[in-house]
file my_file30.cif (mmCIF, C-alpha atoms)
data_query
#
loop_
_atom_site.label_atom_id
_atom_site.label_comp_id
_atom_site.auth_asym_id
_atom_site.auth_seq_id
_atom_site.Cartn_x
_atom_site.Cartn_y
_atom_site.Cartn_z
CA MET A 1 -52.09 16.99 -32.60
CA ASN A 2 -49.18 19.17 -31.47
CA ILE A 3 -49.62 20.39 -27.87
CA LEU A 4 -47.45 22.84 -25.92
CA PHE A 5 -47.93 22.28 -22.18
CA ILE A 6 -46.73 25.04 -19.82
CA THR A 7 -46.56 24.59 -16.04
CA ASP A 8 -44.13 24.76 -13.13
CA LEU A 9 -45.83 21.72 -11.55
CA TYR A 10 -43.90 19.23 -13.64
CA PRO A 11 -40.90 16.97 -12.97
CA VAL A 12 -37.87 17.71 -15.11
CA ASN A 13 -36.54 14.33 -14.03
CA GLU A 14 -39.11 11.52 -13.95
CA ASN A 15 -37.65 10.26 -10.65
CA GLU A 16 -38.32 13.48 -8.71
CA LYS A 17 -40.14 12.80 -5.46
CA THR A 18 -41.00 16.38 -4.50
CA THR A 19 -43.08 17.24 -7.58
CA PRO A 20 -46.62 15.82 -7.93
CA ARG A 21 -47.08 13.66 -11.04
CA THR A 22 -50.70 14.48 -11.84
CA LEU A 23 -49.94 16.83 -14.75
CA PHE A 24 -47.11 14.56 -15.88
CA ASP A 25 -49.69 11.75 -16.11
CA PHE A 26 -51.90 13.85 -18.41
CA VAL A 27 -48.96 14.42 -20.76
CA GLN A 28 -48.02 10.73 -20.71
CA GLU A 29 -51.57 9.69 -21.61
CA TRP A 30 -51.84 12.25 -24.41
CA GLN A 31 -48.61 10.94 -25.87
CA LYS A 32 -49.93 7.36 -25.67
CA GLN A 33 -53.02 8.55 -27.53
CA GLY A 34 -50.82 9.72 -30.41
CA HIS A 35 -50.35 13.41 -29.66
CA ASN A 36 -47.00 15.20 -29.73
CA VAL A 37 -46.55 17.09 -26.45
CA ASN A 38 -43.70 19.41 -25.53
CA VAL A 39 -43.41 20.97 -22.08
CA ILE A 40 -42.10 24.35 -20.90
CA LYS A 41 -41.47 24.57 -17.17
CA PRO A 42 -41.18 28.23 -16.05
CA ASN A 43 -39.27 27.99 -12.78
CA PHE A 44 -39.25 30.93 -10.36
CA ILE A 45 -35.85 30.26 -8.77
CA LEU A 46 -36.57 31.73 -5.32
CA ASN A 47 -39.77 29.70 -5.05
CA SER A 48 -37.84 26.59 -6.04
CA PHE A 49 -35.38 27.10 -3.17
CA LEU A 50 -38.12 27.92 -0.64
CA ARG A 51 -39.94 24.68 -1.43
CA GLY A 52 -36.81 22.58 -1.40
CA LYS A 53 -37.22 21.35 -4.96
CA PRO A 54 -34.32 20.18 -7.15
CA PHE A 55 -32.65 22.88 -9.21
CA TYR A 56 -31.94 22.53 -12.94
CA LYS A 57 -30.14 24.94 -15.22
CA THR A 58 -32.13 26.64 -17.97
CA GLY A 59 -32.19 24.28 -20.92
CA GLN A 60 -33.75 21.34 -22.72
CA TYR A 61 -34.27 18.05 -20.86
CA GLY A 62 -35.86 15.59 -23.26
CA LYS A 63 -39.23 17.09 -24.16
CA VAL A 64 -39.13 19.47 -21.17
CA PHE A 65 -37.60 22.95 -21.45
CA ASN A 66 -36.75 24.36 -18.01
CA ALA A 67 -36.69 28.20 -17.98
CA ASN A 68 -35.38 29.81 -14.78
CA TYR A 69 -36.38 33.32 -13.64
CA TRP A 70 -35.52 35.50 -10.65
CA THR A 71 -38.34 37.92 -11.47
CA PRO A 72 -41.42 36.23 -12.86
CA PHE A 73 -42.00 37.31 -16.45
CA TRP A 74 -41.16 41.02 -16.19
CA PHE A 75 -39.21 41.00 -19.45
CA ASP A 76 -39.29 39.42 -22.92
CA ILE A 77 -39.67 35.76 -22.01
CA LYS A 78 -39.36 34.59 -25.60
CA ARG A 79 -35.63 35.24 -25.41
CA LYS A 80 -35.37 32.57 -22.71
CA ILE A 81 -36.99 29.75 -24.63
CA PRO A 82 -36.33 28.00 -27.93
CA LYS A 83 -38.18 29.14 -31.03
CA LEU A 84 -41.77 27.94 -30.74
CA ALA A 85 -42.98 25.42 -33.30
CA ASN A 86 -46.47 25.46 -34.78
CA TYR A 87 -48.73 24.11 -32.06
CA ASP A 88 -52.39 23.22 -32.44
CA ILE A 89 -53.08 24.20 -28.85
CA VAL A 90 -51.28 25.61 -25.81
CA ILE A 91 -52.36 24.34 -22.36
CA ALA A 92 -51.06 26.18 -19.29
CA HIS A 93 -51.48 25.17 -15.64
CA MET A 94 -50.76 26.96 -12.35
CA PRO A 95 -50.47 30.78 -12.03
CA SER A 96 -46.93 30.97 -13.42
CA GLY A 97 -47.83 28.78 -16.38
CA ILE A 98 -50.93 30.82 -17.19
CA LEU A 99 -49.08 34.15 -16.94
CA PHE A 100 -46.30 32.71 -19.09
CA ALA A 101 -48.78 31.58 -21.75
CA ASP A 102 -50.53 34.95 -21.74
CA LYS A 103 -47.22 36.70 -22.44
CA LEU A 104 -46.62 34.50 -25.49
CA LYS A 105 -49.68 35.96 -27.25
CA ILE A 106 -50.71 32.51 -28.48
CA PRO A 107 -54.27 31.13 -27.99
CA PHE A 108 -54.24 29.01 -24.83
CA VAL A 109 -56.27 27.01 -22.32
CA ALA A 110 -55.83 27.85 -18.60
CA GLY A 111 -55.75 25.05 -16.02
CA ILE A 112 -56.96 26.20 -12.58
CA HIS A 113 -55.68 24.81 -9.26
CA ASN A 114 -56.15 25.90 -5.66
CA SER A 115 -53.08 28.11 -6.00
CA ASP A 116 -54.88 30.12 -8.71
CA LEU A 117 -57.85 30.64 -6.40
CA GLU A 118 -55.38 31.79 -3.73
CA VAL A 119 -53.99 34.46 -6.08
CA LEU A 120 -57.52 35.56 -7.01
CA THR A 121 -58.85 35.78 -3.43
CA ASN A 122 -55.94 36.45 -1.04
CA PRO A 123 -55.52 40.20 -0.30
CA LEU A 124 -51.73 39.77 -0.50
CA TYR A 125 -52.02 39.44 -4.29
CA LYS A 126 -54.63 42.16 -4.77
CA PHE A 127 -52.49 44.90 -6.30
CA HIS A 128 -50.43 42.97 -8.80
CA PHE A 129 -50.70 39.26 -9.49
CA LYS A 130 -54.47 39.14 -9.10
CA LYS A 131 -54.99 41.69 -11.89
CA ARG A 132 -52.50 39.93 -14.15
CA LEU A 133 -54.12 36.54 -13.58
CA GLU A 134 -57.61 37.96 -14.14
CA LYS A 135 -56.44 39.46 -17.43
CA ALA A 136 -54.91 36.14 -18.46
CA LEU A 137 -58.11 34.22 -17.66
CA HIS A 138 -60.13 36.66 -19.73
CA ASN A 139 -57.69 36.08 -22.59
CA ALA A 140 -57.79 32.28 -22.27
CA LYS A 141 -59.91 30.49 -24.87
CA ALA A 142 -61.03 27.89 -22.31
CA ILE A 143 -60.56 27.22 -18.58
CA ALA A 144 -59.95 23.74 -17.16
CA CYS A 145 -60.69 23.44 -13.43
CA ARG A 146 -58.99 20.57 -11.66
CA SER A 147 -62.04 19.59 -9.61
CA PHE A 148 -65.77 20.19 -9.35
CA VAL A 149 -65.16 22.20 -6.17
CA ILE A 150 -62.62 24.50 -7.85
CA LYS A 151 -64.97 25.09 -10.79
CA GLU A 152 -67.80 26.03 -8.43
CA LYS A 153 -65.58 28.43 -6.48
CA LEU A 154 -64.16 30.06 -9.61
CA LEU A 155 -67.58 30.65 -11.17
CA LYS A 156 -68.87 32.09 -7.92
CA PHE A 157 -66.35 34.93 -8.32
CA TYR A 158 -66.32 35.04 -12.14
CA PRO A 159 -69.69 33.88 -13.52
CA GLU A 160 -68.75 35.44 -16.88
CA PHE A 161 -66.38 32.48 -17.45
CA GLU A 162 -69.17 29.88 -17.34
CA ASN A 163 -69.41 29.19 -21.07
CA LYS A 164 -65.72 28.49 -21.44
CA THR A 165 -65.10 26.52 -18.20
CA PHE A 166 -65.00 22.75 -17.72
CA THR A 167 -63.80 20.25 -15.11
CA ALA A 168 -60.56 18.32 -15.72
CA PRO A 169 -60.03 15.79 -12.91
CA SER A 170 -57.16 13.33 -12.79
CA GLY A 171 -57.47 9.57 -13.00
CA ILE A 172 -55.64 6.52 -11.70
CA LYS A 173 -53.89 3.80 -13.66
CA LYS A 174 -56.58 1.23 -14.44
CA GLU A 175 -54.10 -1.57 -13.76
CA ILE A 176 -54.21 -0.90 -9.99
CA ILE A 177 -58.00 -1.28 -9.63
CA LYS A 178 -58.84 -4.29 -7.47
CA LYS A 179 -61.99 -6.29 -8.14
CA ASP A 180 -61.77 -8.57 -5.10
CA PHE A 181 -62.93 -6.88 -1.90
CA HIS A 182 -62.70 -8.65 1.43
CA PRO A 183 -65.77 -8.55 3.70
CA ILE A 184 -65.66 -6.05 6.55
CA ASN A 185 -65.07 -7.66 9.94
CA LYS A 186 -67.06 -5.50 12.33
CA GLU A 187 -65.17 -6.93 15.29
CA LYS A 188 -62.04 -5.22 13.93
CA ILE A 189 -62.69 -2.43 11.43
CA LYS A 190 -59.42 -1.29 9.86
CA VAL A 191 -59.19 2.48 9.32
CA LEU A 192 -56.37 4.02 7.29
CA THR A 193 -55.13 7.55 6.62
CA CYS A 194 -52.16 8.61 4.53
CA ALA A 195 -50.52 12.03 4.06
CA ASN A 196 -47.50 14.20 4.70
CA PHE A 197 -47.97 15.52 8.20
CA LYS A 198 -49.07 19.08 7.56
CA LYS A 199 -51.59 20.97 9.67
CA ARG A 200 -54.13 21.26 6.83
CA LYS A 201 -54.24 17.46 6.47
CA ASN A 202 -56.01 17.22 9.85
CA ILE A 203 -54.49 13.86 10.78
CA ASP A 204 -54.99 14.85 14.44
CA LYS A 205 -58.74 14.98 13.86
CA VAL A 206 -58.73 11.39 12.54
CA ILE A 207 -56.76 10.14 15.55
CA GLU A 208 -59.06 11.97 17.97
CA ALA A 209 -62.13 10.58 16.20
CA CYS A 210 -60.91 6.98 16.48
CA LYS A 211 -59.57 7.26 20.03
CA GLY A 212 -61.51 5.02 22.38
CA LEU A 213 -63.79 3.60 19.68
CA GLU A 214 -64.34 -0.10 20.20
CA ASN A 215 -63.66 -2.43 17.26
CA PHE A 216 -61.72 0.20 15.29
CA GLU A 217 -58.00 -0.03 14.47
CA LEU A 218 -56.25 3.03 12.98
CA THR A 219 -53.08 2.97 10.87
CA VAL A 220 -51.36 6.20 9.80
CA ILE A 221 -49.03 6.27 6.77
CA GLY A 222 -46.74 9.26 6.35
CA ASP A 223 -44.26 11.38 8.24
CA GLY A 224 -43.35 14.94 9.09
CA LYS A 225 -42.35 17.25 11.92
CA GLU A 226 -45.76 16.85 13.59
CA ARG A 227 -45.31 13.10 14.03
CA LYS A 228 -44.26 13.21 17.68
CA SER A 229 -47.24 15.33 18.73
CA LEU A 230 -49.61 13.10 16.71
CA GLU A 231 -48.24 9.96 18.37
CA GLU A 232 -48.97 11.51 21.77
CA ILE A 233 -52.72 11.76 21.04
CA ASP A 234 -53.28 7.99 21.10
CA LYS A 235 -50.56 5.44 21.82
CA SER A 236 -52.58 2.60 20.26
CA VAL A 237 -52.37 4.06 16.72
CA LYS A 238 -49.91 2.38 14.37
CA PHE A 239 -47.57 4.79 12.52
CA THR A 240 -45.74 3.28 9.56
CA GLY A 241 -43.74 6.28 8.34
CA HIS A 242 -43.39 6.83 4.60
CA LEU A 243 -44.02 3.74 2.46
CA PRO A 244 -43.37 3.01 -1.22
CA HIS A 245 -46.41 3.47 -3.44
CA ASN A 246 -46.99 -0.25 -3.94
CA GLU A 247 -46.98 -0.81 -0.18
CA VAL A 248 -49.45 2.05 0.33
CA LEU A 249 -51.81 0.38 -2.14
CA ALA A 250 -51.39 -2.94 -0.34
CA LYS A 251 -52.29 -1.29 2.99
CA MET A 252 -55.35 0.26 1.36
CA HIS A 253 -56.44 -3.11 -0.01
CA ASP A 254 -56.13 -4.59 3.48
CA SER A 255 -58.16 -1.77 5.07
CA ASP A 256 -61.90 -1.15 5.30
CA ILE A 257 -62.12 2.63 5.57
CA PHE A 258 -59.85 5.38 4.24
CA ILE A 259 -60.23 8.90 5.58
CA LEU A 260 -58.34 12.13 4.99
CA PRO A 261 -60.25 15.26 6.14
CA SER A 262 -57.73 17.70 4.67
CA ILE A 263 -58.50 21.20 3.43
CA GLY A 264 -57.07 23.14 0.51
CA GLU A 265 -56.70 20.10 -1.77
CA THR A 266 -56.62 20.80 -5.50
CA PHE A 267 -57.79 17.25 -6.16
CA GLY A 268 -56.39 14.40 -4.07
CA MET A 269 -55.29 11.30 -5.99
CA VAL A 270 -54.98 9.36 -2.74
CA TYR A 271 -58.79 9.22 -2.45
CA LEU A 272 -59.17 7.63 -5.88
CA GLU A 273 -56.40 5.17 -5.03
CA ALA A 274 -58.21 4.20 -1.82
CA MET A 275 -61.46 3.69 -3.74
CA SER A 276 -59.60 1.54 -6.28
CA GLN A 277 -58.49 -0.78 -3.48
CA GLY A 278 -61.99 -1.29 -2.06
CA CYS A 279 -61.89 1.20 0.85
CA ILE A 280 -65.00 3.04 1.93
CA THR A 281 -63.56 6.51 1.37
CA ILE A 282 -64.21 9.67 3.39
CA CYS A 283 -63.09 13.13 2.27
CA THR A 284 -63.79 16.71 3.33
CA LYS A 285 -67.05 18.30 2.25
CA ASP A 286 -66.58 21.00 -0.42
CA ASP A 287 -62.92 20.15 -0.88
CA GLY A 288 -60.73 17.81 -2.93
CA ILE A 289 -62.76 15.20 -4.78
CA SER A 290 -66.06 16.23 -3.23
CA GLY A 291 -68.38 15.95 -6.21
CA ILE A 292 -66.86 12.65 -7.29
CA ILE A 293 -67.59 11.23 -3.86
CA LYS A 294 -71.30 11.62 -3.17
CA ASN A 295 -72.24 11.42 0.48
CA GLY A 296 -73.81 8.10 1.42
CA GLU A 297 -73.79 6.81 -2.17
CA ASN A 298 -70.20 5.88 -3.00
CA GLY A 299 -68.40 7.21 0.09
CA PHE A 300 -68.85 9.91 2.70
CA LEU A 301 -68.22 13.65 3.05
CA THR A 302 -67.30 15.13 6.42
CA LEU A 303 -66.42 18.37 8.09
CA PRO A 304 -62.82 18.30 9.40
CA ILE A 305 -64.09 17.97 12.97
CA SER A 306 -63.38 14.97 15.21
CA ASN A 307 -66.98 14.49 16.37
CA GLU A 308 -68.31 14.57 12.80
CA ILE A 309 -65.75 12.00 11.69
CA ARG A 310 -66.62 9.78 14.65
CA LYS A 311 -70.32 9.89 13.74
CA ILE A 312 -69.55 8.66 10.22
CA LEU A 313 -67.35 5.83 11.50
CA LEU A 314 -70.08 4.66 13.86
CA ASN A 315 -72.65 4.96 11.06
CA ILE A 316 -70.54 2.68 8.87
CA LYS A 317 -70.18 0.18 11.73
CA ASN A 318 -73.98 0.10 12.17
CA MET A 319 -74.80 -0.31 8.46
CA ASP A 320 -76.13 -3.70 7.41
CA ASP A 321 -74.19 -5.82 4.93
CA ASP A 322 -76.47 -5.03 2.00
CA LYS A 323 -75.99 -1.28 2.39
CA LEU A 324 -72.24 -1.69 2.78
CA ASN A 325 -72.04 -3.86 -0.34
CA THR A 326 -74.10 -1.33 -2.32
CA LEU A 327 -71.81 1.49 -1.16
CA ARG A 328 -68.70 -0.44 -2.19
CA TYR A 329 -70.24 -1.43 -5.52
CA ASN A 330 -71.07 2.22 -6.26
CA SER A 331 -67.51 3.20 -5.32
CA PHE A 332 -66.11 0.54 -7.68
CA HIS A 333 -68.41 1.72 -10.48
CA THR A 334 -67.24 5.32 -9.90
CA ILE A 335 -63.54 4.52 -9.98
CA LYS A 336 -63.86 2.80 -13.35
CA GLU A 337 -64.92 6.19 -14.75
CA TYR A 338 -61.79 7.90 -13.38
CA THR A 339 -58.88 6.12 -15.01
CA SER A 340 -55.97 8.17 -16.33
CA ASP A 341 -56.63 7.33 -19.99
CA ARG A 342 -60.32 8.25 -19.75
CA CYS A 343 -59.66 11.49 -17.88
CA ALA A 344 -56.92 12.58 -20.31
CA GLY A 345 -59.15 11.87 -23.30
CA GLU A 346 -62.09 13.65 -21.69
CA TYR A 347 -59.89 16.68 -20.99
CA LEU A 348 -59.21 17.17 -24.71
CA GLN A 349 -62.80 16.39 -25.75
CA GLN A 350 -64.28 19.00 -23.39
CA MET A 351 -61.64 21.50 -24.42
CA PHE A 352 -62.49 21.13 -28.10
CA LYS A 353 -66.22 21.39 -27.48
CA ILE A 354 -65.53 24.88 -26.15
CA LEU A 355 -62.94 25.83 -28.74
#
call {"tool": "encode", "arguments": {"input": "my_file30.cif", "output": "structure tokens"}}
result
Amino acid sequence: MNILFITDLYPVNENEKTTPRTLFDFVQEWQKQGHNVNVIKPNFILNSFLRGKPFYKTGQYGKVFNANYWTPFWFDIKRKIPKLANYDIVIAHMPSGILFADKLKIPFVAGIHNSDLEVLTNPLYKFHFKKRLEKALHNAKAIACRSFVIKEKLLKFYPEFENKTFTAPSGIKKEIIKKDFHPINKEKIKVLTCANFKKRKNIDKVIEACKGLENFELTVIGDGKERKSLEEIDKSVKFTGHLPHNEVLAKMHDSDIFILPSIGETFGMVYLEAMSQGCITICTKDDGISGIIKNGENGFLTLPISNEIRKILLNIKNMDDDKLNTLRYNSFHTIKEYTSDRCAGEYLQQMFKIL
């Protein structure tokens, strides 16, 4: 099958560190499954500079065509890109990708992220981009929401999209899944969190929740301008700074609990990675991978409040071994369903059921 994939959330160079690789992973898996996939990356130049992302000239880079714009799509965009081949399907993600696809007048599938919900609900976008995105979603043949939470939120505002909407979560590489889990030592329960230090990640809430708790040891992976203020909250917390991916996985495998009570997550691959390494995983209720994690069954859901996090940590400490083992078994069973090859295949299957 010939697929045209359109999104600005895509690395032109595979070694880019500032662009998430979740959509890149979908494309890689589809190619492994025998599909021919070409990518158009519509790049709003000002946005690129504001976010500190690498700049590339308009042009072809392998199977990725980078198209730069100062004004997003207010003219004939077809003049900017090479002549389009005959594609079986066009898949577009992120607001710029969806608006780009809608301008091409080719049948397409729209992939919805938190940024799309922002355009649809934030008053700042009310008079222009919201209307254009709404029009594009009505024109889309199918809508792929990146999480169960995003699908629920979208359909709350646009119930008329129900029959053409499905969930398209990401998956992890099955090779990283660990089958050997160490027993939890309740005399020294190892808690881990990992993120770039942004306010919405709520790392401060994790530190406050663990502060003064007996038999708990907290390690924080990541860095950012808030690091100094976070270190002041509790001097006993270990900060590692940024670590390579393989070292992050090793830290997860050595830990008992992973928690990240962030808000505004489109998905959150780090949760799946923690589950794959045997961590009891805690995420924010009604955010990120809530829906994959079911409270008390294969992990825990929390409000991003220190006292609520503390209650869950103490609950885990007081659970008997049988309950803990059941929880970890359920988590392991869940993660086997969310590998990158399975999720990529399921994406296309659900899409074609609708089409």
call {"tool": "closest_residue", "arguments": {"input": "my_file30.cif", "among": "A:Met351, A:Ile112, A:Ala250, A:Ile189", "to": "A:Leu137", "atoms": "all atoms listed in the file"}}
result
A:Ile112
call {"tool": "resolve_selection", "arguments": {"input": "my_file30.cif", "expression": "the PyMOL selection byres ((chain A and resi 168) around 12)", "output": "PyMOL selection string"}}
result
chain A and resi 22-23+26+93+109-113+142-151+165-167+169-171+266-267+289+292+338+340+342-351
call {"tool": "write_last_selection", "arguments": {"input": "my_file30.cif", "atoms": "C-alpha atoms", "output": "PDB file, keeping the file's coordinate frame"}}
result
ATOM      1  CA  THR A  22     -50.700  14.480 -11.840  1.00  0.00           C
ATOM      2  CA  LEU A  23     -49.940  16.830 -14.750  1.00  0.00           C
ATOM      3  CA  PHE A  26     -51.900  13.850 -18.410  1.00  0.00           C
ATOM      4  CA  HIS A  93     -51.480  25.170 -15.640  1.00  0.00           C
ATOM      5  CA  VAL A 109     -56.270  27.010 -22.320  1.00  0.00           C
ATOM      6  CA  ALA A 110     -55.830  27.850 -18.600  1.00  0.00           C
ATOM      7  CA  GLY A 111     -55.750  25.050 -16.020  1.00  0.00           C
ATOM      8  CA  ILE A 112     -56.960  26.200 -12.580  1.00  0.00           C
ATOM      9  CA  HIS A 113     -55.680  24.810  -9.260  1.00  0.00           C
ATOM     10  CA  ALA A 142     -61.030  27.890 -22.310  1.00  0.00           C
ATOM     11  CA  ILE A 143     -60.560  27.220 -18.580  1.00  0.00           C
ATOM     12  CA  ALA A 144     -59.950  23.740 -17.160  1.00  0.00           C
ATOM     13  CA  CYS A 145     -60.690  23.440 -13.430  1.00  0.00           C
ATOM     14  CA  ARG A 146     -58.990  20.570 -11.660  1.00  0.00           C
ATOM     15  CA  SER A 147     -62.040  19.590  -9.610  1.00  0.00           C
ATOM     16  CA  PHE A 148     -65.770  20.190  -9.350  1.00  0.00           C
ATOM     17  CA  VAL A 149     -65.160  22.200  -6.170  1.00  0.00           C
ATOM     18  CA  ILE A 150     -62.620  24.500  -7.850  1.00  0.00           C
ATOM     19  CA  LYS A 151     -64.970  25.090 -10.790  1.00  0.00           C
ATOM     20  CA  THR A 165     -65.100  26.520 -18.200  1.00  0.00           C
ATOM     21  CA  PHE A 166     -65.000  22.750 -17.720  1.00  0.00           C
ATOM     22  CA  THR A 167     -63.800  20.250 -15.110  1.00  0.00           C
ATOM     23  CA  PRO A 169     -60.030  15.790 -12.910  1.00  0.00           C
ATOM     24  CA  SER A 170     -57.160  13.330 -12.790  1.00  0.00           C
ATOM     25  CA  GLY A 171     -57.470   9.570 -13.000  1.00  0.00           C
ATOM     26  CA  THR A 266     -56.620  20.800  -5.500  1.00  0.00           C
ATOM     27  CA  PHE A 267     -57.790  17.250  -6.160  1.00  0.00           C
ATOM     28  CA  ILE A 289     -62.760  15.200  -4.780  1.00  0.00           C
ATOM     29  CA  ILE A 292     -66.860  12.650  -7.290  1.00  0.00           C
ATOM     30  CA  TYR A 338     -61.790   7.900 -13.380  1.00  0.00           C
ATOM     31  CA  SER A 340     -55.970   8.170 -16.330  1.00  0.00           C
ATOM     32  CA  ARG A 342     -60.320   8.250 -19.750  1.00  0.00           C
ATOM     33  CA  CYS A 343     -59.660  11.490 -17.880  1.00  0.00           C
ATOM     34  CA  ALA A 344     -56.920  12.580 -20.310  1.00  0.00           C
ATOM     35  CA  GLY A 345     -59.150  11.870 -23.300  1.00  0.00           C
ATOM     36  CA  GLU A 346     -62.090  13.650 -21.690  1.00  0.00           C
ATOM     37  CA  TYR A 347     -59.890  16.680 -20.990  1.00  0.00           C
ATOM     38  CA  LEU A 348     -59.210  17.170 -24.710  1.00  0.00           C
ATOM     39  CA  GLN A 349     -62.800  16.390 -25.750  1.00  0.00           C
ATOM     40  CA  GLN A 350     -64.280  19.000 -23.390  1.00  0.00           C
ATOM     41  CA  MET A 351     -61.640  21.500 -24.420  1.00  0.00           C
TER      42      MET A 351
END
call {"tool": "residues_around", "arguments": {"input": "my_file30.cif", "residues": "A:Asp234", "least_positions_apart": "2", "cutoff": "8 Å", "atoms": "only C-alpha atoms", "output": "PyMOL selection string"}}
result
chain A and resi 207-208+211+230-232+236-237
call {"tool": "axis_aligned_box", "arguments": {"input": "my_file30.cif", "around": "stretch 306-319 of chain A", "padding_each_side": "8 Å", "output": "JSON"}}
result
{"center_x": -69.1, "center_y": 7.3, "center_z": 12.4, "size_x": 27.4, "size_y": 31.3, "size_z": 23.9}
call {"tool": "closest_residue", "arguments": {"input": "my_file30.cif", "among": "A:Asp341, A:Lys311, A:Phe129, A:Gly62", "to": "A:Gln31", "atoms": "all atoms listed in the file"}}
result
A:Asp341
call {"tool": "residues_around", "arguments": {"input": "my_file30.cif", "residues": "A:Leu272", "least_positions_apart": "4", "cutoff": "7 Å", "atoms": "all atoms listed in the file", "output": "compact mmCIF listing (two decimals) with C-alpha atoms, in the coordinates of the input"}}
result
# COMPACT_ATOMS: atom_id res chain seq x y z
CA ILE A 172 -55.64 6.52 -11.70
CA SER A 276 -59.60 1.54 -6.28
CA ILE A 335 -63.54 4.52 -9.98
call {"tool": "resolve_selection", "arguments": {"input": "my_file30.cif", "expression": "the PyMOL selection byres ((chain A and resi 103-108) around 8)", "output": "MDAnalysis selection string"}}
result
chainID A and resid 73 77:78 89:92 99:102 109:110 140:142
call {"tool": "closest_residue", "arguments": {"input": "my_file30.cif", "among": "A:Lys41, A:Arg310, A:Lys323, A:Arg51", "to": "A:Leu213", "atoms": "only C-alpha atoms"}}
result
A:Arg310
call {"tool": "atom_distance", "arguments": {"input": "my_file30.cif", "atom1": "atom CA of A:Gly296", "atom2": "atom CA of A:Cys283"}}
result
11.9 Å
call {"tool": "resolve_selection", "arguments": {"input": "my_file30.cif", "expression": "the PyMOL selection byres ((chain A and resi 192) around 7)", "output": "list in words"}}
result
Lys190, Val191, Thr193, Cys194, Leu218, Thr219, Val220, Ser255, Ile257, Phe258 and Ile259 of chain A
call {"tool": "atom_distance", "arguments": {"input": "my_file30.cif", "atom1": "atom CA of A:Leu46", "atom2": "atom CA of A:Trp70"}}
result
6.6 Å
